[in-house]
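Report on the following structure.
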Amino acid sequence: ASGVNWPLVVNLLGWYAFNVVFNILNKSTLNAFPYPWLLSTIQLGAGVLWMAVMWATGLQKVPKVSKEFLQALAPVALCHTIGHVSTCVAISSMAVSFTHVIKASEPVFSVVISTVLMGDRFPPLVWLSLLPIVGGCSLAAMKEVSFGFGGVSGAMISNVAFVFRNIFSKRQIDKLKEIDGINYYAVISIFSLLYLAPFAVFFEGSKWAAGWSAAMAAGWTPLGLLSLIGASGVFYHLYNQSSFMCLDAGIGAVSFSVANAMKRVVVIVSSVIFFRNFVSPLNWVGTAIALGGAYLYTTVKRGQAEKSKQG
């Protein structure tokens, strides 16, 4: 028992649980009030407010950050912002389960972008591991009831954004070690809120009043809808904070990727059960192949990392 990293175990469980609840709340909110740009902004704002309370009460130490840290974090936060809002756009028009099947293809984008733009080289096994991801996503899409090009485009853009977030993070890693995971994500949230709010007003601002009236006409009460929106923001922050706390607790980068791949399985199954989405046998087969490919990819990457250490 003494060999168990309990902080990591607790944070992993929190990450999974908060993520499941967030995805259910997020989709439920978008079903009632389909404005993903506004909802994304509110979710970031909820995180900023959460951390402001933590700092004001002394529950979390206020971070001291340098100019170099902020400059290094700015592009990371921009990519995070794009990834978040595009995921919300995807979920607003497609099932949560199918959105996460598409998002499971992130390794494909990572390898291609890293090869083309960064000049990285990957062994044949890594490239081969991408084939079931592509094949599985294609199979899952063939019989997907909620398939839509707008939603798929959002999920794809999210994948690209998060790949670039990881690239910028790795390139600036020495400048981004000043603070712990909780404060690190808090500063990202502040940046992201400032980035996103003006665009939310520009793209959707003229529609919010009518959307609110439509939600009230559909049977929602102001308190009920505001509570749903607020809860989605709280759980969005908690699941992201937990993921960064896993890194603080000592999980390695490749193991983190494995955990993230397995998290998608939990989110997909839980969302199908909760929303009672129709999933054809072909959907399930494609989903299983895609997720299996994502796991295979992370396993191959782990093997490569271990070889590099030994070498």
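Following the order of the structure tokens, chains are lettered A, B, ..., residues in each are numbered from 1, and ligands are numbered from 1.
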
Would you pick out the contacts of region 108-122 of chain A at 8 Å or less, using only C-alpha atoms, so that residues sharing its chain but fewer than 5 positions from it are not included, and give the list as a list in words?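 Skipping anything fewer than 5 positions along the chain leaves Trp127, Leu130, Ile133, Val134, Asn159, Val160 and Val163 of chain A.
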
Which residues, written as a list in words, have at least one atom at most 7 Å from Val48 (chain A), with only C-alpha atoms counted and residues fewer than 3 positions away on the same chain left out?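 The filter keeps Leu44, Gly45, Met51, Ala52, Ala186, Ser189 and Ile190 of chain A.
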
Excluding same-chain residues fewer than 5 positions from Phe202 (chain A), what lies within 12 Å of it counting only C-alpha atoms, as a PyMOL selection string? chain A and resi 37-38+196-197+207-208

Residue with smallest distance to Val266 (chain A) - pool A:Lys301, A:Lys177, A:His100, A:Lys61, counting only C-alpha atoms: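 Among the listed residues, A:His100 lies closest to Val266 (chain A).
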
Could you pull out the alpha helix (DSSP H) residues of region 42-152 of chain A, going by DSSP on the backbone, and write them as a VMD selection string? chain A and resid 42 to 57 67 to 93 96 to 103 106 to 118 124 to 142 149 to 152

Compare A:His84, A:Leu13, A:Gln310, A:Glu68 by their minimum atom-to-atom distance to Ser192 (chain A), counting only C-alpha atoms, and give me the closest one.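 Under the stated criterion, the closest residue is A:His84.
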
Have a look at CA of Ala210 (chain A) and CA of Asn31 (chain A) and let me know their distance in Å, one decimal. 14.9 Å

Excluding Ser270 (chain A) and any residue of its chain fewer than 4 positions from it, enumerate the residues within 10 Å of it, using only C-alpha atoms, and give them as an MDAnalysis selection string. chainID A and resid 20:21 23:24 96:97 264:266 274:276

Tell me which protein, DNA and RNA residues are within 7 Å of Ser257 (chain A), counting only C-alpha atoms, leaving out same-chain ones fewer than 4 positions away, and put them as a list in words. Ala253, Ala261 and Thr298 of chain A

Would you export the selected residues with N, CA, C and O atoms as a compact mmCIF listing (two decimals), in the first residue's frame, please?
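Full text of out12.txt as output:
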```txt
# COMPACT_ATOMS: atom_id res chain seq x y z
N ALA A 253 4.27 11.82 -19.28
CA ALA A 253 3.54 12.34 -20.44
C ALA A 253 2.85 11.23 -21.22
O ALA A 253 1.70 11.37 -21.63
N ALA A 261 -6.75 8.53 -23.34
CA ALA A 261 -7.40 7.66 -24.30
C ALA A 261 -8.46 6.79 -23.62
O ALA A 261 -9.57 6.62 -24.14
N THR A 298 -0.44 5.10 -28.12
CA THR A 298 0.21 5.52 -26.88
C THR A 298 1.14 4.42 -26.36
O THR A 298 2.18 4.72 -25.76
```

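Using only C-alpha atoms, the shortest contact distance between Ile289 (chain A) and any of A:Leu139, A:Ala249, A:Leu25, A:Ala155 is found at A:Leu139.
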
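Considering only C-alpha atoms, the residue among A:Ser308, A:Thr81, A:Thr99, A:Asn26 positioned nearest to Ser232 (chain A) is A:Asn26.
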
With only C-alpha atoms as the counted atoms, please give the residues lying no more than 9 Å from Glu178 (chain A), apart from itself and same-chain residues fewer than 6 positions off, as an MDAnalysis selection string. chainID A and resid 63:66 69 184

For the residues selected in the previous step, produce a file with N, CA and C atoms as a PDB file, in the first residue's frame.
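Heads up, here's the output in part_13.pdb:
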```pdb
ATOM      1  N   PRO A  63      -0.143  32.944  -7.498  1.00  0.00           N
ATOM      2  CA  PRO A  63       1.118  32.683  -8.207  1.00  0.00           C
ATOM      3  C   PRO A  63       1.900  33.961  -8.498  1.00  0.00           C
ATOM      4  N   LYS A  64       3.202  33.844  -8.460  1.00  0.00           N
ATOM      5  CA  LYS A  64       4.073  34.929  -8.897  1.00  0.00           C
ATOM      6  C   LYS A  64       4.645  34.522 -10.245  1.00  0.00           C
ATOM      7  N   VAL A  65       4.274  35.263 -11.273  1.00  0.00           N
ATOM      8  CA  VAL A  65       4.677  34.884 -12.625  1.00  0.00           C
ATOM      9  C   VAL A  65       5.524  35.990 -13.252  1.00  0.00           C
ATOM     10  N   SER A  66       6.450  35.562 -14.070  1.00  0.00           N
ATOM     11  CA  SER A  66       7.338  36.497 -14.748  1.00  0.00           C
ATOM     12  C   SER A  66       6.777  36.873 -16.114  1.00  0.00           C
ATOM     13  N   PHE A  69       7.226  34.013 -18.467  1.00  0.00           N
ATOM     14  CA  PHE A  69       6.212  32.971 -18.297  1.00  0.00           C
ATOM     15  C   PHE A  69       4.945  33.334 -19.063  1.00  0.00           C
ATOM     16  N   TYR A 184      -1.272  27.052 -12.882  1.00  0.00           N
ATOM     17  CA  TYR A 184      -0.961  27.027 -14.315  1.00  0.00           C
ATOM     18  C   TYR A 184      -2.249  27.064 -15.131  1.00  0.00           C
TER      19      TYR A 184
END
```

Produce a table with one row for each residue of region 18-83 of chain A that has an atom at most 8 Å from any atom of region 234-247 of chain A, each row naming the nearest atom pair and its distance in Å at one decimal; use only C-alpha atoms; arrange rows by chain and rising residue number; format as a tab-separated table.
```
residue	atom	partner	partner_atom	distance
A:Phe18	CA	A:Tyr239	CA	4.9
A:Asn19	CA	A:Tyr239	CA	5.3
A:Val21	CA	A:Phe235	CA	7.0
A:Phe22	CA	A:Phe235	CA	5.2
A:Gln43	CA	A:Tyr236	CA	6.4
A:Leu44	CA	A:His237	CA	7.3
A:Ala46	CA	A:Val234	CA	6.0
A:Gly47	CA	A:His237	CA	5.1
A:Trp50	CA	A:Val234	CA	7.7
```

Which residue gives the smallest distance to Phe168 (chain A) among A:His80, A:Lys143, A:Lys103, A:Lys27, with only C-alpha atoms counted?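 Nearest candidate to Phe168 (chain A) out of A:His80, A:Lys143, A:Lys103, A:Lys27: A:His80.
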
In Å, with one decimal, what is the gap from CA of Phe191 (chain A) to CA of Val89 (chain A)?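 CA of Phe191 (chain A) sits 20.0 Å away from CA of Val89 (chain A).
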